[in-house]
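Listing of structure_7.txt; format and content: compact mmCIF, C-alpha atoms.
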# COMPACT_ATOMS: atom_id res chain seq x y z
CA MET A 1 13.87 -30.23 -9.15
CA THR A 2 11.45 -27.88 -10.89
CA ALA A 3 9.73 -29.33 -13.96
CA PRO A 4 10.91 -27.81 -17.26
CA GLU A 5 7.39 -26.70 -18.20
CA VAL A 6 7.08 -24.79 -14.92
CA VAL A 7 10.40 -23.04 -15.53
CA LYS A 8 9.36 -22.17 -19.08
CA ALA A 9 5.97 -20.77 -18.04
CA ALA A 10 7.57 -18.71 -15.26
CA ASP A 11 10.09 -17.29 -17.73
CA VAL A 12 7.37 -16.42 -20.25
CA LEU A 13 5.29 -14.54 -17.65
CA ARG A 14 8.31 -12.73 -16.25
CA GLU A 15 9.38 -11.60 -19.71
CA ALA A 16 5.87 -10.34 -20.47
CA ALA A 17 5.95 -8.28 -17.27
CA ARG A 18 9.45 -6.96 -18.00
CA THR A 19 8.74 -5.92 -21.58
CA LEU A 20 5.07 -4.95 -21.04
CA THR A 21 4.24 -7.22 -23.95
CA PRO A 22 1.37 -9.66 -23.33
CA CYS A 23 2.13 -13.34 -23.90
CA PRO A 24 0.01 -16.28 -25.09
CA PRO A 25 -1.81 -18.33 -22.43
CA VAL A 26 0.58 -20.51 -20.42
CA ARG A 27 -1.97 -23.33 -20.09
CA SER A 28 -0.55 -24.66 -23.34
CA LEU A 29 2.72 -25.25 -21.48
CA LEU A 30 1.28 -26.59 -18.23
CA GLY A 31 -1.79 -28.50 -19.32
CA ASP A 32 -5.29 -27.11 -19.07
CA GLY A 33 -6.59 -27.78 -15.57
CA ASP A 34 -3.23 -28.42 -13.87
CA ILE A 35 -3.68 -25.99 -10.99
CA LYS A 36 -0.87 -27.60 -8.99
CA ALA A 37 1.60 -26.77 -11.77
CA ALA A 38 0.16 -23.25 -12.00
CA TYR A 39 0.87 -22.60 -8.32
CA ALA A 40 4.39 -23.96 -8.85
CA VAL A 41 4.87 -21.28 -11.53
CA GLN A 42 3.53 -18.63 -9.19
CA ARG A 43 5.89 -19.72 -6.39
CA ALA A 44 8.85 -19.73 -8.78
CA ASN A 45 8.22 -16.12 -9.75
CA VAL A 46 7.60 -15.07 -6.16
CA ARG A 47 10.98 -16.55 -5.24
CA HIS A 48 12.54 -14.74 -8.19
CA GLY A 49 11.02 -11.47 -6.99
CA VAL A 50 12.28 -11.93 -3.45
CA ALA A 51 15.76 -12.78 -4.74
CA ALA A 52 15.65 -9.54 -6.75
CA GLY A 53 14.94 -7.55 -3.58
CA ARG A 54 11.14 -7.32 -3.61
CA ARG A 55 9.43 -7.51 -0.19
CA ILE A 56 6.32 -9.61 0.43
CA VAL A 57 3.65 -7.68 2.38
CA GLY A 58 0.63 -9.95 2.12
CA ARG A 59 -1.75 -11.92 -0.07
CA LYS A 60 -4.75 -11.37 -2.29
CA ILE A 61 -7.77 -13.55 -2.86
CA GLY A 62 -9.22 -13.88 -6.34
CA LEU A 63 -12.20 -15.59 -7.95
CA THR A 64 -14.52 -14.75 -5.07
CA SER A 65 -17.45 -14.33 -7.45
CA SER A 66 -19.53 -17.45 -8.08
CA ALA A 67 -20.21 -16.21 -11.62
CA VAL A 68 -16.50 -15.94 -12.39
CA GLN A 69 -15.84 -19.34 -10.80
CA ALA A 70 -18.50 -20.86 -13.05
CA GLN A 71 -16.98 -19.14 -16.07
CA LEU A 72 -13.55 -20.64 -15.33
CA GLY A 73 -14.90 -24.02 -14.27
CA VAL A 74 -13.72 -23.96 -10.65
CA ASP A 75 -15.44 -24.24 -7.29
CA GLN A 76 -13.02 -22.31 -5.10
CA PRO A 77 -11.12 -19.03 -5.10
CA ASP A 78 -7.41 -18.61 -5.76
CA PHE A 79 -4.69 -16.46 -4.24
CA GLY A 80 -1.61 -14.44 -5.12
CA THR A 81 1.22 -12.59 -3.40
CA LEU A 82 1.41 -8.86 -2.67
CA PHE A 83 4.74 -7.06 -2.82
CA ALA A 84 5.53 -3.67 -1.27
CA ASP A 85 6.26 -2.16 -4.68
CA MET A 86 2.67 -2.89 -5.74
CA ALA A 87 1.24 -0.40 -3.21
CA ILE A 88 -0.10 2.95 -4.47
CA PRO A 89 -1.02 5.70 -1.96
CA ASP A 90 -4.67 6.56 -1.47
CA GLY A 91 -5.47 9.26 -4.02
CA GLY A 92 -2.24 8.50 -5.87
CA ARG A 93 -1.54 8.37 -9.58
CA ILE A 94 -0.51 5.35 -11.62
CA ALA A 95 1.99 6.18 -14.35
CA ALA A 96 0.89 5.59 -17.92
CA GLY A 97 2.36 2.38 -19.30
CA ARG A 98 3.08 0.80 -15.93
CA LEU A 99 0.51 -1.96 -16.51
CA LEU A 100 -0.56 -3.94 -19.57
CA GLN A 101 -4.36 -4.19 -19.46
CA PRO A 102 -5.58 -3.01 -16.05
CA LYS A 103 -9.00 -3.41 -14.47
CA VAL A 104 -10.14 -2.11 -11.08
CA GLU A 105 -12.20 -3.69 -8.33
CA ALA A 106 -13.13 -2.62 -4.79
CA GLU A 107 -12.48 -4.79 -1.75
CA VAL A 108 -12.21 -4.99 2.00
CA ALA A 109 -8.58 -5.20 3.15
CA LEU A 110 -7.48 -6.64 6.48
CA VAL A 111 -4.18 -5.98 8.23
CA LEU A 112 -3.16 -8.74 10.63
CA GLY A 113 -1.76 -8.16 14.08
CA ALA A 114 -1.12 -11.87 14.65
CA ALA A 115 -0.27 -14.91 12.55
CA LEU A 116 -2.89 -17.43 11.43
CA PRO A 117 -0.95 -20.73 11.49
CA HIS A 118 -3.79 -23.26 11.75
CA PRO A 119 -4.99 -25.26 8.72
CA HIS A 120 -8.59 -25.13 9.99
CA CYS A 121 -8.91 -21.40 10.52
CA THR A 122 -12.27 -19.99 11.60
CA VAL A 123 -13.83 -16.56 11.22
CA ALA A 124 -13.31 -16.14 14.97
CA ASP A 125 -9.57 -16.72 14.43
CA VAL A 126 -9.57 -14.01 11.75
CA LEU A 127 -11.42 -11.59 14.02
CA ARG A 128 -8.85 -12.14 16.78
CA ALA A 129 -5.88 -11.84 14.45
CA ALA A 130 -6.90 -8.80 12.39
CA ASP A 131 -5.86 -5.43 13.78
CA PHE A 132 -8.13 -3.43 11.48
CA ALA A 133 -9.89 -3.20 8.13
CA LEU A 134 -9.52 -0.67 5.30
CA PRO A 135 -11.32 0.07 2.05
CA ALA A 136 -9.15 -0.99 -0.88
CA LEU A 137 -8.88 -0.89 -4.64
CA GLU A 138 -7.13 -3.71 -6.41
CA ILE A 139 -5.82 -2.97 -9.88
CA VAL A 140 -5.74 -6.38 -11.48
CA ASP A 141 -3.67 -6.98 -14.59
CA SER A 142 -2.93 -9.93 -16.84
CA ARG A 143 0.27 -10.75 -18.63
CA ILE A 144 -1.87 -13.00 -20.87
CA ALA A 145 -2.89 -11.32 -24.13
CA GLY A 146 -6.52 -10.22 -24.25
CA TRP A 147 -7.29 -11.65 -20.79
CA ASP A 148 -7.63 -15.05 -22.52
CA ILE A 149 -7.36 -16.93 -19.25
CA THR A 150 -8.43 -20.10 -17.54
CA ILE A 151 -7.83 -20.91 -13.86
CA VAL A 152 -4.36 -22.22 -14.79
CA ASP A 153 -3.35 -18.98 -16.48
CA THR A 154 -4.52 -16.67 -13.71
CA VAL A 155 -3.01 -18.76 -10.90
CA ALA A 156 0.34 -18.99 -12.68
CA ASP A 157 0.19 -15.22 -13.28
CA ASN A 158 0.12 -14.49 -9.54
CA ALA A 159 -3.69 -14.45 -9.58
CA SER A 160 -3.61 -11.65 -12.18
CA SER A 161 -2.13 -9.25 -9.63
CA GLY A 162 -1.16 -5.71 -10.55
CA LEU A 163 -1.25 -2.98 -7.92
CA PHE A 164 -3.34 -2.10 -4.86
CA VAL A 165 -4.50 1.00 -2.99
CA LEU A 166 -5.43 1.07 0.70
CA GLY A 167 -7.58 3.70 2.37
CA GLY A 168 -5.86 5.71 5.07
CA THR A 169 -8.21 5.38 8.08
CA PRO A 170 -8.05 2.04 9.93
CA VAL A 171 -11.37 0.68 11.20
CA PRO A 172 -11.41 -1.85 14.07
CA LEU A 173 -13.33 -5.03 13.36
CA THR A 174 -15.26 -4.69 16.62
CA GLY A 175 -18.79 -3.96 15.57
CA LEU A 176 -18.01 -4.13 11.84
CA ASP A 177 -20.67 -5.99 9.85
CA ALA A 178 -18.33 -7.29 7.16
CA ARG A 179 -21.08 -9.23 5.42
CA GLY A 180 -23.36 -6.19 5.31
CA VAL A 181 -20.96 -3.56 3.97
CA ARG A 182 -22.15 -1.91 0.75
CA MET A 183 -19.77 -0.81 -2.00
CA THR A 184 -20.15 1.64 -4.84
CA MET A 185 -17.25 2.31 -7.22
CA THR A 186 -17.22 5.18 -9.68
CA ARG A 187 -15.12 6.01 -12.72
CA GLY A 188 -15.05 9.70 -13.49
CA GLY A 189 -17.94 10.14 -11.07
CA GLU A 190 -20.16 7.57 -12.81
CA PRO A 191 -21.04 4.31 -11.01
CA VAL A 192 -19.38 1.27 -12.60
CA SER A 193 -19.61 -1.37 -9.85
CA GLU A 194 -21.76 -2.15 -6.83
CA GLY A 195 -21.86 -4.97 -4.34
CA THR A 196 -21.91 -6.06 -0.72
CA GLY A 197 -19.76 -8.02 1.66
CA ALA A 198 -22.04 -11.00 1.11
CA ASP A 199 -20.99 -11.01 -2.55
CA CYS A 200 -17.44 -11.95 -1.50
CA LEU A 201 -17.72 -15.67 -0.74
CA GLY A 202 -20.53 -14.84 1.70
CA SER A 203 -18.29 -12.51 3.74
CA PRO A 204 -14.80 -11.01 3.46
CA LEU A 205 -14.01 -12.63 6.82
CA GLY A 206 -14.97 -16.05 5.50
CA ALA A 207 -12.78 -15.45 2.46
CA ALA A 208 -9.88 -14.56 4.76
CA ALA A 209 -10.45 -17.72 6.80
CA TRP A 210 -10.32 -19.79 3.59
CA LEU A 211 -7.03 -18.14 2.61
CA ALA A 212 -5.51 -18.61 6.06
CA SER A 213 -6.48 -22.30 6.14
CA THR A 214 -5.18 -22.92 2.62
CA LEU A 215 -1.83 -21.25 3.23
CA ALA A 216 -1.34 -22.90 6.61
CA ALA A 217 -1.98 -26.32 5.05
CA MET A 218 0.72 -25.49 2.49
CA GLY A 219 3.21 -24.61 5.22
CA ASP A 220 3.27 -20.90 4.35
CA PRO A 221 0.82 -19.28 6.79
CA LEU A 222 -0.30 -15.68 7.00
CA ARG A 223 1.93 -13.70 9.33
CA ALA A 224 1.54 -10.74 11.67
CA GLY A 225 1.63 -7.54 9.63
CA ASP A 226 0.31 -9.14 6.45
CA ILE A 227 -2.16 -7.27 4.28
CA VAL A 228 -5.02 -9.43 3.03
CA LEU A 229 -7.10 -8.28 0.07
CA THR A 230 -10.20 -10.35 0.66
CA GLY A 231 -11.69 -10.25 -2.84
CA ALA A 232 -13.93 -8.13 -5.04
CA LEU A 233 -17.28 -6.92 -3.72
CA GLY A 234 -18.56 -6.26 -7.23
CA PRO A 235 -17.66 -6.46 -10.92
CA MET A 236 -14.29 -5.16 -12.10
CA ALA A 237 -14.09 -2.16 -14.43
CA VAL A 238 -11.65 -1.58 -17.29
CA ALA A 239 -9.19 1.27 -16.68
CA ALA A 240 -7.82 3.64 -19.32
CA PRO A 241 -5.31 6.54 -19.15
CA GLY A 242 -6.91 9.52 -17.46
CA ASP A 243 -9.53 7.52 -15.56
CA GLU A 244 -10.27 8.42 -11.94
CA PHE A 245 -11.68 5.70 -9.70
CA GLU A 246 -13.18 6.08 -6.26
CA ALA A 247 -14.85 3.46 -4.11
CA HIS A 248 -17.04 4.02 -1.08
CA ILE A 249 -17.53 1.07 1.27
CA SER A 250 -20.05 1.64 4.05
CA GLN A 251 -18.58 1.46 7.57
CA LEU A 252 -15.05 1.75 6.10
CA GLY A 253 -14.92 4.95 4.05
CA ARG A 254 -13.47 5.91 0.67
CA VAL A 255 -10.38 5.09 -1.39
CA ALA A 256 -9.34 6.55 -4.74
CA VAL A 257 -6.73 6.34 -7.49
CA THR A 258 -6.08 8.03 -10.85
CA PHE A 259 -4.51 6.64 -14.00
CA ALA A 260 -2.16 9.20 -15.53
CA LYS A 261 -2.78 10.34 -19.09
CA GLN A 262 -0.37 9.09 -21.73
CA THR A 263 1.19 12.55 -22.06
CA GLU A 264 1.87 13.08 -18.36
CA GLY A 265 4.92 10.83 -18.20
CA GLU A 266 4.87 10.62 -14.42
CA ARG A 267 6.83 7.98 -12.58
CA PRO A 268 4.98 5.34 -10.55

Could you render the structure from this file as structure tokens?
Amino acid sequence: MTAPEVVKAADVLREAARTLTPCPPVRSLLGDGDIKAAYAVQRANVRHGVAAGRRIVGRKIGLTSSAVQAQLGVDQPDFGTLFADMAIPDGGRIAAGRLLQPKVEAEVALVLGAALPHPHCTVADVLRAADFALPALEIVDSRIAGWDITIVDTVADNASSGLFVLGGTPVPLTGLDARGVRMTMTRGGEPVSEGTGADCLGSPLGAAAWLASTLAAMGDPLRAGDIVLTGALGPMAVAAPGDEFEAHISQLGRVAVTFAKQTEGERP
């Protein structure tokens, strides 16, 4: 039986997403520091999404920055679920009003050709399982008003997931120096974020191995075909209507997205 506080927090977050009205932090319902309860909320809303017809296509890793971990008082990353309806085409446009308070970060994405079922996954396992890598933009969002979050709030809120954009040219991992990739992200042509693969938990492949091990230990392993957003390579940037973002990741290429102006009224 699901605890009443978990049900309540899941309902609050779902209503905030439905109405596009930010809600107060849910840590007041779950208890500050109760990460186990926060993941229970996340799972409840993932199940609700699947029951409503949404299709799971992968996972995202969050809190890969040591500075952000220190800010939230944690010593490990977190994860969330990716649904097919969160995908935006490379170079696509995000309709005004689709998200509450979006921010953008650039990442390395992996697409798996094989499952990763072992609770002690290694980087070698990831290299064997991944079909290819892509440059990616993650548009993070928070249903919590003013991004007033702790680890409990972001985990419960599906790791502050919003949307994601994948580049269109797959790159095999053979010969890819994932730790050494260099990223520059621009907004309107002006640089707003820089970083390297080493800034993502030491390497995007190491981050993916952590995720695979964690999910396998929970009995819900990564599967063939899954997309894995391995975590930000640099600081996130606030997005506003009309903004155009482009990221270049060495060895992988470019990926871009535009936020529609308020007057455009385009559909997502």

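The shell of residues at most 7 Å from Glu5 of chain A, with only C-alpha atoms counted and near chain neighbours (fewer than 2 positions) removed, consists of Ala3, Val7, Lys8, Ala9, Leu29 and Leu30 of chain A.
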
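Considering the residues A:Ala37, A:Asp153, A:Arg18, A:Met218 and counting only C-alpha atoms, Thr2 of chain A has its shortest atom-to-atom contact with A:Ala37.
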
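Considering all atoms listed in the file, the residue among A:Ser28, A:Thr230, A:Ser160, A:Thr174 positioned nearest to Ala207 of chain A is A:Thr230.
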
Shortest contact to Ala216 of chain A, candidates A:Leu20, A:Val104, A:Cys121, A:Met183, atoms counted all atoms listed in the file, goes to A:Cys121

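The two atoms in question, atom CA of Thr154 of chain A and atom CA of Tyr39 of chain A, are spaced 9.7 Å apart.
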
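Of the residues listed (A:Ile149, A:Leu205, A:Ala156, A:Cys23), A:Leu205 shows the shortest atom-to-atom separation from Glu107 of chain A; distances use only C-alpha atoms.
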
Using atom CA of Ala130 of chain A and atom CA of Leu110 of chain A as the two end points, give the distance in Å to one decimal.
6.3 Å

So that I can check the surroundings of Leu134 of chain A, please list as a VMD selection string every protein, DNA and RNA residue that reaches within 8 Å of it, counting all atoms listed in the file and ignoring chain neighbours fewer than 6 positions away.
chain A and resid 108 to 110 166 to 171 252 to 253

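For the atom pair formed by atom CA of Gly175 of chain A and atom CA of Phe132 of chain A, the distance is 11.4 Å, given to one decimal.
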
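By only C-alpha atoms, and with residues fewer than 6 positions from Gly146 of chain A along its chain excluded, the set lying at most 12 Å from it is Thr21, Pro22, Cys23, Pro24, Pro25, Leu100, Gln101 and Pro102 of chain A.
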
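If you measure from each of A:Thr122, A:Ala106, A:Val255, A:Pro172 to Glu194 of chain A using all atoms listed in the file, the closest one turns out to be A:Ala106.
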
Neighbours of segment 233-249 of chain A within 8 Å (only C-alpha atoms; same-chain residues fewer than 3 positions away dropped), as an NGL selection string?
:A and (96 or 101-108 or 135-137 or 181-189 or 192-200 or 252-262)

Using only C-alpha atoms, please write the residues we just selected to a file, as a short mmCIF file (atom, residue, chain, number, x, y, z; two decimals), in the frame of the given file.
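This is the output file selection-v1.cif:
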data_model
loop_
_atom_site.label_atom_id
_atom_site.label_comp_id
_atom_site.auth_asym_id
_atom_site.auth_seq_id
_atom_site.Cartn_x
_atom_site.Cartn_y
_atom_site.Cartn_z
CA ALA A 96 0.89 5.59 -17.92
CA GLN A 101 -4.36 -4.19 -19.46
CA PRO A 102 -5.58 -3.01 -16.05
CA LYS A 103 -9.00 -3.41 -14.47
CA VAL A 104 -10.14 -2.11 -11.08
CA GLU A 105 -12.20 -3.69 -8.33
CA ALA A 106 -13.13 -2.62 -4.79
CA GLU A 107 -12.48 -4.79 -1.75
CA VAL A 108 -12.21 -4.99 2.00
CA PRO A 135 -11.32 0.07 2.05
CA ALA A 136 -9.15 -0.99 -0.88
CA LEU A 137 -8.88 -0.89 -4.64
CA VAL A 181 -20.96 -3.56 3.97
CA ARG A 182 -22.15 -1.91 0.75
CA MET A 183 -19.77 -0.81 -2.00
CA THR A 184 -20.15 1.64 -4.84
CA MET A 185 -17.25 2.31 -7.22
CA THR A 186 -17.22 5.18 -9.68
CA ARG A 187 -15.12 6.01 -12.72
CA GLY A 188 -15.05 9.70 -13.49
CA GLY A 189 -17.94 10.14 -11.07
CA VAL A 192 -19.38 1.27 -12.60
CA SER A 193 -19.61 -1.37 -9.85
CA GLU A 194 -21.76 -2.15 -6.83
CA GLY A 195 -21.86 -4.97 -4.34
CA THR A 196 -21.91 -6.06 -0.72
CA GLY A 197 -19.76 -8.02 1.66
CA ALA A 198 -22.04 -11.00 1.11
CA ASP A 199 -20.99 -11.01 -2.55
CA CYS A 200 -17.44 -11.95 -1.50
CA LEU A 252 -15.05 1.75 6.10
CA GLY A 253 -14.92 4.95 4.05
CA ARG A 254 -13.47 5.91 0.67
CA VAL A 255 -10.38 5.09 -1.39
CA ALA A 256 -9.34 6.55 -4.74
CA VAL A 257 -6.73 6.34 -7.49
CA THR A 258 -6.08 8.03 -10.85
CA PHE A 259 -4.51 6.64 -14.00
CA ALA A 260 -2.16 9.20 -15.53
CA LYS A 261 -2.78 10.34 -19.09
CA GLN A 262 -0.37 9.09 -21.73
#

Hey, what's within 12 Å of Val50 of chain A if we count all atoms listed in the file and toss same-chain stuff fewer than 4 positions away? As a PDB file with C-alpha atoms, in the frame of the given file, please?
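Result went into selection37.pdb, see below:
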ATOM      1  CA  ARG A  43       5.890 -19.720  -6.390  1.00  0.00           C
ATOM      2  CA  ALA A  44       8.850 -19.730  -8.780  1.00  0.00           C
ATOM      3  CA  ASN A  45       8.220 -16.120  -9.750  1.00  0.00           C
ATOM      4  CA  VAL A  46       7.600 -15.070  -6.160  1.00  0.00           C
ATOM      5  CA  ARG A  54      11.140  -7.320  -3.610  1.00  0.00           C
ATOM      6  CA  ARG A  55       9.430  -7.510  -0.190  1.00  0.00           C
ATOM      7  CA  ILE A  56       6.320  -9.610   0.430  1.00  0.00           C
ATOM      8  CA  VAL A  57       3.650  -7.680   2.380  1.00  0.00           C
ATOM      9  CA  THR A  81       1.220 -12.590  -3.400  1.00  0.00           C
ATOM     10  CA  LEU A  82       1.410  -8.860  -2.670  1.00  0.00           C
ATOM     11  CA  PHE A  83       4.740  -7.060  -2.820  1.00  0.00           C
ATOM     12  CA  ALA A  84       5.530  -3.670  -1.270  1.00  0.00           C
ATOM     13  CA  ASP A  85       6.260  -2.160  -4.680  1.00  0.00           C
TER      14      ASP A  85
END

Once you count all atoms listed in the file, which residues end up no further than 12 Å from (-0.9, -16.8, -9.8) in the file's frame, shown as an MDAnalysis selection string?
chainID A and resid 9:10 13:14 26 35:46 59:63 77:82 140:144 149:162

Kindly indicate which residue among A:Ser66, A:Gln76, A:Ser250, A:Thr19 lies nearest to Leu99 of chain A, using all atoms listed in the file for the distances.
A:Thr19

Since fewer atoms than expected are present, regenerate N, CA and C atoms for segment 151-162 of chain A and write them as a compact mmCIF listing (two decimals), in the coordinates of the input.
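Writing the result to out24.txt gives the following:
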# COMPACT_ATOMS: atom_id res chain seq x y z
N ILE A 151 -8.34 -20.89 -15.23
CA ILE A 151 -7.83 -20.91 -13.86
C ILE A 151 -6.32 -21.14 -13.84
N VAL A 152 -5.80 -21.95 -14.75
CA VAL A 152 -4.36 -22.22 -14.79
C VAL A 152 -3.58 -20.97 -15.11
N ASP A 153 -4.06 -20.20 -16.09
CA ASP A 153 -3.35 -18.98 -16.48
C ASP A 153 -3.33 -17.95 -15.37
N THR A 154 -4.48 -17.72 -14.73
CA THR A 154 -4.52 -16.67 -13.71
C THR A 154 -3.72 -17.06 -12.47
N VAL A 155 -3.79 -18.33 -12.06
CA VAL A 155 -3.01 -18.76 -10.90
C VAL A 155 -1.51 -18.62 -11.18
N ALA A 156 -1.07 -19.09 -12.33
CA ALA A 156 0.34 -18.99 -12.68
C ALA A 156 0.80 -17.53 -12.72
N ASP A 157 -0.10 -16.64 -13.14
CA ASP A 157 0.19 -15.22 -13.28
C ASP A 157 -0.07 -14.47 -11.99
N ASN A 158 0.27 -15.09 -10.87
CA ASN A 158 0.12 -14.49 -9.54
C ASN A 158 -1.31 -13.98 -9.31
N ALA A 159 -2.27 -14.79 -9.73
CA ALA A 159 -3.69 -14.45 -9.58
C ALA A 159 -4.03 -13.13 -10.25
N SER A 160 -3.37 -12.87 -11.39
CA SER A 160 -3.61 -11.65 -12.18
C SER A 160 -3.43 -10.39 -11.33
N SER A 161 -2.40 -10.40 -10.48
CA SER A 161 -2.13 -9.25 -9.63
C SER A 161 -1.52 -8.11 -10.42
N GLY A 162 -1.79 -6.89 -9.97
CA GLY A 162 -1.16 -5.71 -10.55
C GLY A 162 -0.67 -4.78 -9.46
